[in-house]
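Source file query-v4.csv; content: CSV, C-alpha atoms and all ligand atoms.
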chain,number,residue,atom,x,y,z
A,1,VAL,CA,30.1,267.0,-9.7
A,2,THR,CA,32.9,269.0,-8.2
A,3,ASP,CA,35.2,268.6,-5.2
A,4,ALA,CA,35.6,272.4,-4.9
A,5,CYS,CA,33.7,274.3,-2.1
A,6,ASN,CA,33.5,277.9,-1.0
A,7,PHE,CA,32.7,276.9,2.7
A,8,ARG,CA,35.2,275.7,5.3
A,9,CYS,CA,33.2,273.4,7.5
A,10,GLY,CA,35.4,272.3,10.4
A,11,TYR,CA,34.8,268.6,9.9
A,12,CYS,CA,35.3,268.7,6.1
A,13,LEU,CA,37.5,271.4,4.6
A,14,PRO,CA,38.6,273.5,7.7
A,15,ASN,CA,41.3,275.3,5.7
A,16,GLY,CA,39.2,275.7,2.6
A,17,TYR,CA,39.5,274.0,-0.8
A,18,ARG,CA,42.7,273.7,-2.6
A,19,LEU,CA,43.0,272.1,-6.1
A,20,ALA,CA,45.5,269.2,-5.9
A,21,PRO,CA,48.5,269.9,-8.2
A,22,GLY,CA,48.1,267.9,-11.5
A,23,ALA,CA,44.4,267.0,-10.8
A,24,ALA,CA,42.5,266.0,-14.0
A,25,ARG,CA,39.7,268.3,-15.1
A,26,VAL,CA,36.2,267.4,-13.8
A,27,LEU,CA,33.8,265.5,-16.0
A,28,GLY,CA,32.1,267.6,-18.6
A,29,LEU,CA,28.4,267.7,-19.4
A,30,ASP,CA,28.6,265.0,-22.2
A,31,GLU,CA,30.6,262.7,-20.0
A,32,ILE,CA,28.1,263.0,-17.2
A,33,ASP,CA,25.3,262.4,-19.7
A,34,ARG,CA,26.9,259.1,-20.8
A,35,LEU,CA,27.5,258.1,-17.2
A,36,LEU,CA,23.8,258.7,-16.4
A,37,GLY,CA,22.7,256.7,-19.4
A,38,GLY,CA,24.8,253.7,-18.5
A,39,PHE,CA,23.8,253.6,-14.8
A,40,ALA,CA,20.1,254.1,-15.7
A,41,GLU,CA,20.3,251.2,-18.1
A,42,LEU,CA,21.7,249.1,-15.2
A,43,GLY,CA,18.6,250.0,-13.2
A,44,VAL,CA,19.5,253.1,-11.3
A,45,GLU,CA,16.4,255.3,-10.7
A,46,LYS,CA,17.7,257.9,-8.4
A,47,VAL,CA,20.6,260.4,-8.8
A,48,ARG,CA,22.0,262.8,-6.3
A,49,LEU,CA,24.3,265.6,-7.4
A,50,THR,CA,26.7,266.6,-4.6
A,51,GLY,CA,30.3,267.7,-4.1
A,52,GLY,CA,32.1,269.8,-2.8
A,53,GLU,CA,29.5,272.4,-3.6
A,54,PRO,CA,27.6,271.4,-6.7
A,55,THR,CA,26.2,274.9,-7.2
A,56,LEU,CA,29.7,276.2,-7.8
A,57,ARG,CA,29.4,274.5,-11.3
A,58,ARG,CA,28.1,277.0,-13.8
A,59,ASP,CA,26.4,274.2,-15.7
A,60,VAL,CA,24.6,272.7,-12.6
A,61,VAL,CA,21.2,273.5,-14.1
A,62,ASP,CA,22.2,271.7,-17.3
A,63,ILE,CA,23.3,268.7,-15.4
A,64,VAL,CA,19.9,268.4,-13.7
A,65,ALA,CA,18.2,268.8,-17.1
A,66,ARG,CA,20.4,266.0,-18.6
A,67,ALA,CA,19.5,263.7,-15.6
A,68,ALA,CA,15.8,264.5,-16.0
A,69,ALA,CA,16.0,263.6,-19.7
A,70,THR,CA,17.6,260.3,-19.0
A,71,PRO,CA,15.1,257.4,-19.5
A,72,GLY,CA,14.7,255.5,-16.2
A,73,ILE,CA,15.8,258.2,-13.9
A,74,ARG,CA,12.8,259.1,-11.7
A,75,GLN,CA,14.3,261.1,-8.9
A,76,ILE,CA,17.0,263.8,-9.0
A,77,GLY,CA,18.3,265.2,-5.7
A,78,LEU,CA,20.9,267.9,-4.9
A,79,THR,CA,22.9,268.2,-1.7
A,80,THR,CA,24.1,271.8,-1.2
A,81,ASN,CA,25.3,274.3,1.4
A,82,GLY,CA,22.5,276.4,0.1
A,83,TYR,CA,24.3,279.7,-0.4
A,84,ARG,CA,23.1,280.1,-4.0
A,85,LEU,CA,19.5,278.8,-3.6
A,86,PRO,CA,17.6,282.0,-3.3
A,87,THR,CA,18.3,282.7,-7.0
A,88,LEU,CA,19.1,279.2,-8.3
A,89,ALA,CA,16.3,277.0,-6.8
A,90,PRO,CA,13.5,277.9,-9.3
A,91,ARG,CA,15.8,277.2,-12.2
A,92,LEU,CA,16.8,273.8,-10.7
A,93,LYS,CA,13.2,272.9,-10.2
A,94,GLU,CA,12.3,273.9,-13.8
A,95,ALA,CA,15.1,271.7,-15.1
A,96,GLY,CA,13.7,268.7,-13.3
A,97,LEU,CA,15.1,268.6,-9.7
A,98,THR,CA,12.7,266.6,-7.6
A,99,GLN,CA,14.2,267.0,-4.1
A,100,ILE,CA,16.9,268.9,-2.2
A,101,ASN,CA,19.1,268.5,0.8
A,102,VAL,CA,20.5,271.7,2.4
A,103,SER,CA,23.1,271.6,5.1
A,104,VAL,CA,22.3,273.7,8.2
A,105,ASP,CA,24.2,272.6,11.2
A,106,SER,CA,22.8,275.3,13.5
A,107,LEU,CA,20.0,277.8,13.5
A,108,SER,CA,22.2,280.2,15.5
A,109,ARG,CA,23.8,282.7,13.2
A,110,SER,CA,27.1,282.8,15.1
A,111,THR,CA,27.3,279.0,15.5
A,112,PHE,CA,26.6,278.6,11.7
A,113,HIS,CA,29.3,281.2,11.0
A,114,GLY,CA,31.7,279.4,13.3
A,115,VAL,CA,31.1,276.0,11.7
A,116,THR,CA,31.1,277.0,8.0
A,117,GLY,CA,33.3,280.1,8.0
A,118,TRP,CA,30.4,282.0,6.3
A,119,ASP,CA,28.0,284.4,8.0
A,120,SER,CA,25.2,283.4,5.6
A,121,LEU,CA,22.6,281.6,7.7
A,122,HIS,CA,19.9,284.0,6.6
A,123,ALA,CA,20.6,283.5,2.9
A,124,VAL,CA,20.6,279.7,3.4
A,125,LEU,CA,17.3,279.9,5.3
A,126,ASP,CA,15.8,282.2,2.6
A,127,GLY,CA,16.8,279.6,0.0
A,128,ILE,CA,15.1,276.8,1.9
A,129,GLU,CA,11.9,278.9,2.1
A,130,THR,CA,12.2,279.4,-1.7
A,131,CYS,CA,12.4,275.6,-2.1
A,132,LEU,CA,9.4,275.1,0.1
A,133,GLY,CA,7.4,277.3,-2.2
A,134,LEU,CA,8.4,275.3,-5.3
A,135,GLY,CA,6.5,272.1,-4.7
A,136,LEU,CA,9.5,269.8,-4.6
A,137,ARG,CA,8.7,266.3,-3.4
A,138,ALA,CA,11.1,266.7,-0.4
A,139,VAL,CA,13.1,269.5,1.2
A,140,LYS,CA,15.6,268.0,3.7
A,141,VAL,CA,18.1,269.7,6.0
A,142,ASN,CA,21.3,268.0,7.0
A,143,ALA,CA,22.8,268.8,10.4
A,144,VAL,CA,26.0,267.1,11.5
A,145,LEU,CA,25.7,266.5,15.3
A,146,MET,CA,28.7,267.8,17.2
A,147,ARG,CA,29.4,267.9,20.9
A,148,GLY,CA,29.4,271.5,22.3
A,149,VAL,CA,28.2,272.9,19.0
A,150,ASN,CA,24.7,271.8,18.3
A,151,ASP,CA,24.1,268.8,20.6
A,152,GLU,CA,21.5,270.9,22.5
A,153,ALA,CA,19.9,272.3,19.4
A,154,LEU,CA,17.1,269.8,19.0
A,155,PRO,CA,14.4,272.2,20.5
A,156,ASP,CA,15.4,274.9,17.8
A,157,PHE,CA,14.9,272.4,15.0
A,158,LEU,CA,11.7,271.0,16.5
A,159,ALA,CA,10.2,274.5,16.7
A,160,TRP,CA,11.1,275.0,13.0
A,161,ILE,CA,9.6,271.7,11.8
A,162,LYS,CA,6.4,272.3,13.8
A,163,ARG,CA,5.4,274.7,11.1
A,164,ALA,CA,7.6,273.8,8.1
A,165,PRO,CA,7.3,270.5,6.2
A,166,ILE,CA,11.1,269.9,6.3
A,167,SER,CA,12.8,266.6,7.1
A,168,VAL,CA,15.8,267.6,9.4
A,169,ARG,CA,18.3,264.8,9.5
A,170,PHE,CA,21.0,264.6,12.2
A,171,ILE,CA,24.1,263.0,10.7
A,172,GLU,CA,26.6,261.4,13.1
A,173,LEU,CA,30.0,263.0,12.7
A,174,MET,CA,32.1,260.6,10.6
A,175,ARG,CA,35.8,260.2,11.1
A,176,THR,CA,38.0,260.8,8.0
A,177,LEU,CA,41.7,260.9,7.5
A,178,ASP,CA,41.8,264.7,7.9
A,179,ASN,CA,39.5,265.3,10.9
A,180,ARG,CA,40.7,262.9,13.6
A,181,ALA,CA,41.2,265.5,16.4
A,182,LEU,CA,37.9,267.1,15.8
A,183,PHE,CA,36.2,263.7,15.6
A,184,GLU,CA,37.7,262.7,19.0
A,185,ALA,CA,36.6,266.0,20.6
A,186,GLN,CA,33.1,266.3,19.1
A,187,HIS,CA,31.7,262.9,18.1
A,188,VAL,CA,28.4,262.2,19.7
A,189,PRO,CA,26.1,259.2,18.7
A,190,VAL,CA,22.9,260.4,17.1
A,191,SER,CA,21.1,257.8,19.1
A,192,SER,CA,21.5,260.3,22.0
A,193,LEU,CA,18.6,262.2,20.4
A,194,ARG,CA,16.3,259.3,20.2
A,195,ASP,CA,15.0,259.4,23.8
A,196,ALA,CA,14.2,263.1,23.6
A,197,LEU,CA,12.2,262.4,20.3
A,198,LEU,CA,10.3,259.6,21.9
A,199,ALA,CA,9.6,261.7,25.0
A,200,GLU,CA,8.1,264.4,22.7
A,201,GLY,CA,5.8,261.8,21.2
A,202,PHE,CA,7.7,261.1,17.9
A,203,THR,CA,7.6,257.6,16.5
A,204,ALA,CA,9.8,255.8,13.9
A,205,SER,CA,8.4,255.5,10.4
A,206,PRO,CA,8.9,252.5,8.0
A,207,ARG,CA,11.5,252.8,5.2
A,208,GLY,CA,10.8,252.9,1.4
A,209,PRO,CA,13.0,251.1,-1.2
A,210,LEU,CA,14.5,254.3,-2.6
A,211,ASP,CA,15.0,255.9,0.8
A,212,GLY,CA,18.4,256.9,2.1
A,213,PRO,CA,20.0,255.8,5.3
A,214,ALA,CA,18.0,257.8,7.8
A,215,VAL,CA,15.6,256.4,10.4
A,216,THR,CA,12.8,258.9,10.3
A,217,TYR,CA,10.7,260.0,13.3
A,218,ALA,CA,7.3,261.7,12.8
A,219,HIS,CA,4.7,263.3,15.0
A,220,PRO,CA,1.0,264.1,14.1
A,221,GLU,CA,1.4,267.7,15.4
A,222,TYR,CA,4.5,268.5,13.4
A,223,ARG,CA,4.6,269.3,9.7
A,224,GLY,CA,8.2,268.1,9.4
A,225,THR,CA,10.1,265.1,10.5
A,226,ILE,CA,13.4,264.3,12.2
A,227,GLY,CA,15.8,261.7,10.7
A,228,LEU,CA,18.8,260.1,12.5
A,229,ILE,CA,21.7,258.9,10.3
A,230,ALA,CA,23.9,256.6,12.4
A,231,PRO,CA,26.9,255.4,10.2
A,232,TYR,CA,28.4,253.7,13.3
A,233,GLY,CA,25.2,251.8,14.0
A,234,ARG,CA,25.4,248.0,13.7
A,235,ASP,CA,23.2,247.5,10.7
A,236,PHE,CA,23.9,250.8,8.8
A,237,CYS,CA,25.6,249.1,5.9
A,238,GLU,CA,23.0,246.4,5.4
A,239,SER,CA,20.5,248.7,3.7
A,240,CYS,CA,23.2,250.6,1.6
A,241,ASN,CA,21.8,251.1,-1.9
A,242,ARG,CA,24.4,253.7,-3.1
A,243,LEU,CA,27.2,254.0,-5.5
A,244,ARG,CA,29.3,257.2,-5.9
A,245,VAL,CA,31.1,258.6,-8.9
A,246,SER,CA,33.6,261.3,-8.2
A,247,SER,CA,33.8,264.5,-10.2
A,248,ARG,CA,36.7,263.0,-12.1
A,249,GLY,CA,34.9,259.8,-13.0
A,250,ASP,CA,36.0,257.3,-10.4
A,251,LEU,CA,33.5,254.8,-9.0
A,252,HIS,CA,33.5,254.6,-5.2
A,253,LEU,CA,31.7,251.5,-3.9
A,254,CYS,CA,31.7,252.8,-0.3
A,255,LEU,CA,32.2,256.2,1.4
A,256,PHE,CA,35.0,254.7,3.4
A,257,GLY,CA,36.5,252.4,0.8
A,258,LYS,CA,40.1,252.1,-0.3
A,259,GLY,CA,39.7,254.5,-3.2
A,260,GLY,CA,38.0,254.8,-6.6
A,261,ALA,CA,38.1,252.8,-9.8
A,262,PRO,CA,38.3,254.9,-13.0
A,263,LEU,CA,35.3,254.9,-15.4
A,264,ARG,CA,36.3,257.9,-17.4
A,265,GLN,CA,37.8,255.8,-20.2
A,266,PHE,CA,34.2,254.6,-21.0
A,267,LEU,CA,32.8,258.1,-21.1
A,268,GLY,CA,34.2,259.4,-24.4
A,269,ALA,CA,32.2,260.0,-27.6
A,270,ASP,CA,33.0,256.5,-29.0
A,271,GLY,CA,29.9,254.7,-27.7
A,272,ALA,CA,31.5,252.6,-25.0
A,273,ARG,CA,28.2,252.2,-23.2
A,274,GLU,CA,28.2,248.4,-23.0
A,275,SER,CA,31.9,248.4,-21.7
A,276,LEU,CA,30.9,251.0,-19.1
A,277,LYS,CA,28.0,248.8,-17.9
A,278,GLU,CA,30.2,245.6,-17.9
A,279,GLU,CA,32.9,247.4,-15.9
A,280,VAL,CA,30.4,248.7,-13.3
A,281,CYS,CA,29.0,245.2,-12.9
A,282,ARG,CA,32.5,243.7,-12.6
A,283,LEU,CA,33.5,246.3,-9.9
A,284,LEU,CA,30.2,245.9,-8.0
A,285,VAL,CA,31.1,242.3,-7.0
A,286,GLY,CA,33.9,243.8,-5.0
A,287,LYS,CA,31.6,246.0,-2.8
A,288,ALA,CA,32.5,245.2,0.8
A,289,PRO,CA,29.6,244.2,3.0
A,290,ALA,CA,30.4,247.0,5.5
A,291,HIS,CA,32.8,249.9,6.1
A,292,GLY,CA,35.5,249.6,8.9
A,293,LEU,CA,34.6,252.8,10.7
A,294,ARG,CA,33.9,251.2,14.0
A,295,ALA,CA,37.3,249.6,13.9
A,296,GLY,CA,38.7,253.1,13.4
A,297,ASP,CA,39.4,252.5,9.6
A,298,ALA,CA,38.1,255.4,7.5
A,299,GLY,CA,39.6,253.9,4.3
A,300,ALA,CA,41.3,256.3,1.9
A,301,THR,CA,38.8,259.1,2.5
A,302,ARG,CA,40.6,262.3,3.4
A,303,ASN,CA,37.3,264.3,3.7
A,304,LEU,CA,33.8,264.0,2.3
A,305,SER,CA,34.1,266.9,-0.2
A,306,ALA,CA,35.8,264.6,-2.8
A,307,ILE,CA,33.0,262.0,-2.8
A,308,GLY,CA,30.0,263.9,-1.6
A,309,GLY,CA,29.0,262.6,1.8
B,401,LIG,N1,28.6,271.0,0.0
B,401,LIG,C1,27.4,270.3,0.1
B,401,LIG,C2,26.8,270.3,1.5
B,401,LIG,O1,27.6,270.7,2.5
B,401,LIG,O2,25.7,270.0,1.7
B,401,LIG,C3,27.4,268.9,-0.4
B,401,LIG,C4,28.7,268.1,0.0
B,401,LIG,S1,28.8,267.7,1.7
B,401,LIG,C5,30.3,266.7,1.7
B,401,LIG,C6,27.5,266.5,1.9
B,401,LIG,C7,27.1,266.3,3.4
B,401,LIG,O3,28.1,265.6,4.1
B,401,LIG,C8,26.8,267.6,4.2
B,401,LIG,O4,25.5,267.5,4.8
B,401,LIG,C9,27.9,267.6,5.2
B,401,LIG,O5,27.5,268.2,6.4
B,401,LIG,C10,28.2,266.1,5.4
B,401,LIG,N2,29.5,265.9,5.9
B,401,LIG,C11,30.7,266.3,5.5
B,401,LIG,N3,31.7,265.8,6.2
B,401,LIG,C12,31.2,265.0,7.1
B,401,LIG,C13,31.7,264.2,8.2
B,401,LIG,N4,33.0,264.1,8.4
B,401,LIG,N5,30.8,263.5,9.0
B,401,LIG,C14,29.5,263.6,8.7
B,401,LIG,N6,28.9,264.4,7.7
B,401,LIG,C15,29.8,265.1,7.0
B,402,LIG,FE1,31.8,272.4,1.6
B,402,LIG,FE2,29.8,270.7,2.1
B,402,LIG,FE3,32.3,270.2,3.0
B,402,LIG,FE4,30.9,272.1,4.1
B,402,LIG,S1,30.4,270.0,4.1
B,402,LIG,S2,33.1,272.3,3.4
B,402,LIG,S3,29.8,273.0,2.5
B,402,LIG,S4,31.6,270.3,0.9

Can you turn what I pasted into structure tokens?
Ligand code: SAM
Ligand code: SF4
Amino acid sequence: VTDACNFRCGYCLPNGYRLAPGAARVLGLDEIDRLLGGFAELGVEKVRLTGGEPTLRRDVVDIVARAAATPGIRQIGLTTNGYRLPTLAPRLKEAGLTQINVSVDSLSRSTFHGVTGWDSLHAVLDGIETCLGLGLRAVKVNAVLMRGVNDEALPDFLAWIKRAPISVRFIELMRTLDNRALFEAQHVPVSSLRDALLAEGFTASPRGPLDGPAVTYAHPEYRGTIGLIAPYGRDFCESCNRLRVSSRGDLHLCLFGKGGAPLRQFLGADGARESLKEEVCRLLVGKAPAHGLRAGDAGATRNLSAIGG
């Protein structure tokens, strides 16, 4: 819903967000509403709002409410850096949010500050506690695994999920056009955590049809779970059930595709719903079977703030 962000995560926007000169304005509430309606009529049941930082939008609660009012949409998620959650989370839940993903790469205050540029670990953790008290169907934490930063942090996260019903998902660092040097220095396969999880007594759980790309590990003595997201894994793309629409209305068929295809011309007030649906179906035929990351091809993706991660 926006490509803007206030954080400066080293792998994403290390120098902070800058609006590209001449960029179109982001989709308005009514355009988002029409987009949701069209996709829901095509069978989409789950929507995730992401960014950039989606909570920077003043109308983020209204966007959730519009999604919740769309016939056919059953799950509404939000991916956020969490800095506004202590105050915002109850309003999001009331508007219809069903689940939330909060990014926390480290439970060490100084490491979190170093990765994000913000000394706000405590506010983010407070926001997660608020979410846990709201009865959302899932509270998940995203941690990008990085060599020398958090690749020895599994015990900290395990201690947390022993008492807290959170799904912590380690995401393998993905290479983009902007982060090549960091990727080469810090990329570690998330499979490196698997043996430690199995040794602790965790076992892999089966996947549901609306589930995301994580392989989830559970343990009877832990209230939470650990997920491993391995975009470089052999069969990662086989289960891909996602489409992304950028904040300016471009459809991206893959995180690492060659760019987006504009849908905005179908989102005006003139009732172009059928044309929107036809265009999405036409474009879908071109969805590639897999990305080219393992061959070193990150497509046209400069960083993930533009298409949400
Ligand atoms: N700002 C929000 C946040 O950080 O949660 C939402 C957008 S962010 C692009 C979505 C997710 O993508 C975050 O969990 C972030 O850590 C992850 N991410 C960003 N760049 C990444 C990269 N190069 N490799 C792996 N994960 C990345
Ligand atoms: Fe912002 Fe999320 Fe990118 Fe970090 S990962 S810079 S919080 S968009």

* Write out as a PyMOL selection string the residues lying within 12 Å of A:Cys237, counting all atoms listed in the file and excluding same-chain residues fewer than 2 positions away. => chain A and resi 212-214+229-235+239-242+253-256+287-294

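Here atom CA of A:Asp151 stands at a distance of 26.5 Å from atom CA of A:Ala306.
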
Under the rule of at most 7 Å, produce a per-residue listing of chain A near ligand LIG 401 (chain B): chain, number, name, the closest pair of atoms, and the distance in Å, as CSV, using all atoms listed in the file.
residue,atom,partner,partner_atom,distance
A:Cys5,CA,B:LIG401,N1,6.4
A:Tyr11,CA,B:LIG401,N4,5.1
A:Cys12,CA,B:LIG401,N3,4.6
A:Thr50,CA,B:LIG401,C3,4.8
A:Gly51,CA,B:LIG401,C4,4.4
A:Gly52,CA,B:LIG401,N1,4.6
A:Glu53,CA,B:LIG401,N1,4.0
A:Pro54,CA,B:LIG401,C3,6.8
A:Thr79,CA,B:LIG401,C3,4.7
A:Thr80,CA,B:LIG401,O2,3.8
A:Asn81,CA,B:LIG401,C2,4.3
A:Asn101,CA,B:LIG401,O2,6.8
A:Val102,CA,B:LIG401,O2,5.5
A:Ser103,CA,B:LIG401,O2,4.6
A:Asn142,CA,B:LIG401,O4,4.8
A:Ala143,CA,B:LIG401,O5,6.2
A:Val144,CA,B:LIG401,O5,5.4
A:Ile171,CA,B:LIG401,C14,5.8
A:Glu172,CA,B:LIG401,C14,5.7
A:Leu173,CA,B:LIG401,N5,3.8
A:Met174,CA,B:LIG401,N5,3.6
A:Arg175,CA,B:LIG401,N4,5.5
A:Thr176,CA,B:LIG401,N4,6.0
A:Asn303,CA,B:LIG401,N3,6.3
A:Leu304,CA,B:LIG401,C5,4.5
A:Ser305,CA,B:LIG401,C5,4.3
A:Gly308,CA,B:LIG401,C5,4.3
A:Gly309,CA,B:LIG401,O3,3.9

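Near (6.4, 270.6, 11.9), the residues inside the 6 Å limit, counting all atoms listed in the file, come to Ile161, Lys162, Arg163, Ala164, Pro165, Tyr222, Arg223 and Gly224 of chain A.
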
* **For A:Gly16: contacts at 8 Å, all atoms listed in the file, fewer than 4 positions along chain excluded, given as a list in words** => Cys5, Asn6, Phe7 and Arg8 of chain A

* So which one's closest to ligand LIG 402 (chain B), A:Cys9, A:Val149, A:Val190, A:Ile73? Using only C-alpha atoms and all ligand atoms, please. -> A:Cys9

* Please work out which residues fall within 12 Å of (15.1, 262.8, -5.3), coordinates as given in the file, with only C-alpha atoms counting, and return them as a ChimeraX atom specification. => /A:45-49,64,67-68,73-79,93,96-101,136-140,210-212

* Asked: Pick from A:Gly259, A:Gly28, A:Gly114, A:Pro86: nearest to ligand LIG 402 (chain B), with all atoms listed in the file counted?
  -> A:Gly114

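Across the structure, atom CA of A:Glu200 and atom CA of A:Tyr217 are spaced 10.7 Å apart.
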
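Pairwise distance (atom CA of A:His252, atom CA of A:Leu56) equals 22.1 Å.
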
* Taking only C-alpha atoms and all ligand atoms into account, which of A:Ala23, A:Arg302, A:Gly260, A:Leu197 comes nearest ligand LIG 402 (chain B)? -> A:Arg302

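Restricting the calculation to all atoms listed in the file, the smallest distance between ligand LIG 402 (chain B) and any of A:Tyr83, A:Phe39, A:Phe183, A:Phe157 is found for A:Tyr83.
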
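Each of A:Pro262, A:Pro90, A:Gly82, A:Pro155 was checked against ligand LIG 402 (chain B) using only C-alpha atoms and all ligand atoms; the smallest atom-to-atom distance is that of A:Gly82.
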
* Nearest to ligand LIG 402 (chain B): which of A:Ile307, A:Asp195, A:Asp59, A:Trp160 is it, counting all atoms listed in the file? -> A:Ile307

* Which neighbours of A:Ala196 fall inside 12 Å, counting all atoms listed in the file, when residues of the same chain fewer than 2 positions from it are skipped, and could you give them as a list in words? -> Asp151, Glu152, Ala153, Leu154, Pro155, Leu158, Val190, Ser191, Ser192, Leu193, Arg194, Leu198, Ala199, Glu200, Gly201, Phe202, Thr203, Tyr217 and Ile226 of chain A

* Asked: Quick one: residues within 8 Å of A:Asp250, all atoms listed in the file counted, chain neighbours fewer than 2 positions away excluded, as an NGL selection string?
  -> :A and (245-248 or 252 or 260-264)

Rebuild stretch 172-183 of chain A so that it carries N, CA, C and O atoms, then output the result as a PDB file, in the frame of the given file.
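Once everything was written out, this is result24.pdb:
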ATOM      1  N   GLU A 172      25.476 261.600  12.127  1.00  0.00           N
ATOM      2  CA  GLU A 172      26.600 261.400  13.100  1.00  0.00           C
ATOM      3  C   GLU A 172      27.892 261.802  12.436  1.00  0.00           C
ATOM      4  O   GLU A 172      28.150 261.429  11.276  1.00  0.00           O
ATOM      5  N   LEU A 173      28.676 262.563  13.163  1.00  0.00           N
ATOM      6  CA  LEU A 173      30.000 263.000  12.700  1.00  0.00           C
ATOM      7  C   LEU A 173      30.814 261.747  12.307  1.00  0.00           C
ATOM      8  O   LEU A 173      30.930 260.821  13.110  1.00  0.00           O
ATOM      9  N   MET A 174      31.351 261.736  11.065  1.00  0.00           N
ATOM     10  CA  MET A 174      32.100 260.600  10.600  1.00  0.00           C
ATOM     11  C   MET A 174      33.630 260.946  10.633  1.00  0.00           C
ATOM     12  O   MET A 174      34.003 262.048  10.232  1.00  0.00           O
ATOM     13  N   ARG A 175      34.397 259.990  11.047  1.00  0.00           N
ATOM     14  CA  ARG A 175      35.800 260.200  11.100  1.00  0.00           C
ATOM     15  C   ARG A 175      36.402 260.053   9.667  1.00  0.00           C
ATOM     16  O   ARG A 175      36.047 259.117   8.950  1.00  0.00           O
ATOM     17  N   THR A 176      37.259 260.967   9.256  1.00  0.00           N
ATOM     18  CA  THR A 176      38.000 260.800   8.000  1.00  0.00           C
ATOM     19  C   THR A 176      39.474 260.934   8.299  1.00  0.00           C
ATOM     20  O   THR A 176      39.865 261.195   9.446  1.00  0.00           O
ATOM     21  N   LEU A 177      40.306 260.799   7.275  1.00  0.00           N
ATOM     22  CA  LEU A 177      41.700 260.900   7.500  1.00  0.00           C
ATOM     23  C   LEU A 177      42.137 262.280   8.019  1.00  0.00           C
ATOM     24  O   LEU A 177      43.080 262.447   8.779  1.00  0.00           O
ATOM     25  N   ASP A 178      41.365 263.312   7.581  1.00  0.00           N
ATOM     26  CA  ASP A 178      41.800 264.700   7.900  1.00  0.00           C
ATOM     27  C   ASP A 178      41.209 265.209   9.237  1.00  0.00           C
ATOM     28  O   ASP A 178      41.692 266.224   9.734  1.00  0.00           O
ATOM     29  N   ASN A 179      40.134 264.589   9.796  1.00  0.00           N
ATOM     30  CA  ASN A 179      39.500 265.300  10.900  1.00  0.00           C
ATOM     31  C   ASN A 179      39.579 264.557  12.252  1.00  0.00           C
ATOM     32  O   ASN A 179      38.741 264.752  13.131  1.00  0.00           O
ATOM     33  N   ARG A 180      40.621 263.789  12.421  1.00  0.00           N
ATOM     34  CA  ARG A 180      40.700 262.900  13.600  1.00  0.00           C
ATOM     35  C   ARG A 180      40.581 263.669  14.929  1.00  0.00           C
ATOM     36  O   ARG A 180      39.809 263.260  15.794  1.00  0.00           O
ATOM     37  N   ALA A 181      41.285 264.795  15.083  1.00  0.00           N
ATOM     38  CA  ALA A 181      41.200 265.500  16.400  1.00  0.00           C
ATOM     39  C   ALA A 181      39.839 266.040  16.639  1.00  0.00           C
ATOM     40  O   ALA A 181      39.298 265.907  17.747  1.00  0.00           O
ATOM     41  N   LEU A 182      39.237 266.611  15.600  1.00  0.00           N
ATOM     42  CA  LEU A 182      37.900 267.100  15.800  1.00  0.00           C
ATOM     43  C   LEU A 182      36.913 266.018  16.077  1.00  0.00           C
ATOM     44  O   LEU A 182      36.046 266.147  16.945  1.00  0.00           O
ATOM     45  N   PHE A 183      37.084 264.882  15.394  1.00  0.00           N
ATOM     46  CA  PHE A 183      36.200 263.700  15.600  1.00  0.00           C
ATOM     47  C   PHE A 183      36.302 263.310  17.107  1.00  0.00           C
ATOM     48  O   PHE A 183      35.287 263.109  17.776  1.00  0.00           O
TER      49      PHE A 183
END
